[in-house]
Amino acid sequence: MSSVATLSARLEKLVGGDRVRFSDSVLRDYAIGALAPTVVLKPYSAAEVAEIVGFAAAEKLALVACGSRSKLELGMPPQRYDLALDMTDLRQIAHYDPGDLTVSVDAGMPLGELAKSLAAKNQFLPLAVPCGATATVGGAIASGIDSTLRLQYGPARDFLIGAEFVDGTGKLCKSGGRVVKNVTGYDLHKLLIGSLGTLGVITRLNFRTFPLPESRGAFLAAFPSLDGALNYHVSLLNSGLPFSNVELFDGEFAGRLGRNLNRRASVVEESLAAGGWHVCASFEGNAAVMERIQRELRKRSARAQASRTQTLDAQSSESLNRSLRDAFDWLRHATPRTTLLRIALPQFASGDIAELQELVKLPLLTSAFALRACNVAYLALLAASEDGQANTVLERCVSELFSRVEAKKGSATILHASLQLKDRISAWGTKRADFPLMQRVKRAFDPNNIFAPGRFVGGL
């Protein structure tokens, strides 16, 4: 009997034959880069997850937990990958108290299904992350990817109030609770945000929920220059108005956003096709709030000398906000050789954006830039070909970007790139000063180094 068959037989005894898969076609679906697992397992409960992790620890098998796999490429490819743990059968709402605005949900629950359940009680969870139609709750937290509603509702750490997970020894752990005013112990569950499954396998998450807005809207303003658009962008952020999102983007991003919207909202596409720089302000509330914000936006855009403005209706606003939420997904598939970076600076000045754009003006490359609130930007480097010359240009450009951002006391992360580029440049850039502390945290949660080894910062 082959080693794969032997391992599969042992795992079938552990969790049942219907939850163990090892055919080549299935394994390819769970590959990270060029590395596919030996076996895929689909547990039905947290207890089964704990058994599997305990087995992996005893046998020194590397394990990667996943959900819809829409963001499985984030980080670096793992150094070892024996078991894929598909969490999509853990998909129940364990506890929901609409009156207390709290919900406890299994990690494999799709965000779309959770949204429907909460909407029935006029509530929602502000996790507006890419691939929202299929992404799982656990995957959204483990990936740490940005929500477009961060400006108004804060990042996930602000409304994640507890978690249950399995550590690297196979022990079931709990942190936080199911009520908002829980001040006992440490907020260890917040370490799971953005950890890419390298600290533990999330089995359940507890959130604070929010009242569903009565209506949502969006307002587009176009400018011929970066300075005009950025000044307007900053003025909105400093206005005190309750925007849910304010984004600034260049003509290349606007054009691709418009084409992405083509099938759903051609009126928005037409507005975005004008070129130049754009600022999109999204907002929500009752009729009085909506009218006040729209009135203020018209005044401010006129004062800023916008070349074109458009107030979007509810349907167009929803389409535009959905496409902005999913920008990570459609940008990474924009060309055969796209590299997508997330850049965070203490502050984005006009000179910083101009410097980034000048840096990427290279042969064989075009770029698309978008600046979100909270000083987080997305920069897509779009190479039209996959030849060696394009790879060399991309490598030189990304390396210089990391250096420039680090010099500005910021951080850069590669969200999507070819395997060739990741072989040459770490997705995380250089090691940070707090890396020794990160190593200690990893050892505490995963002493046997079985959770996606090498996927996180510095090879953790």
# chains A, B, ... in the order shown; residues from 1 in each chain; ligands from 1

call {"tool": "residues_around", "arguments": {"residues": "range 333-339 of chain A", "least_positions_apart": "6", "cutoff": "10 Å", "atoms": "only C-alpha atoms", "output": "number ranges by chain"}}
result
A: 256, 365-367, 379-387, 390-391, 394-395, 398, 414-418, 421

call {"tool": "closest_atom_pairs", "arguments": {"of": "range 262-341 of chain A", "to": "range 227-242 of chain A", "cutoff": "7 Å", "atoms": "only C-alpha atoms", "output": "CSV"}}
result
residue,atom,partner,partner_atom,distance
A:Trp277,CA,A:Ala229,CA,6.2
A:His278,CA,A:Ala229,CA,6.6
A:Val279,CA,A:His233,CA,6.5
A:Phe283,CA,A:Pro242,CA,6.9
A:Ala304,CA,A:Tyr232,CA,6.2

call {"tool": "closest_residue", "arguments": {"among": "A:Phe165, A:Trp330, A:Tyr30, A:Tyr81", "to": "Ala142 in chain A", "atoms": "only C-alpha atoms"}}
result
A:Phe165

call {"tool": "closest_residue", "arguments": {"among": "A:Leu362, A:Leu419, A:Val457, A:Ala140", "to": "Gln389 in chain A", "atoms": "only C-alpha atoms"}}
result
A:Leu362

call {"tool": "atom_distance", "arguments": {"atom1": "CA of Gly17 in chain A", "atom2": "CA of Gly108 in chain A"}}
result
20.5 Å
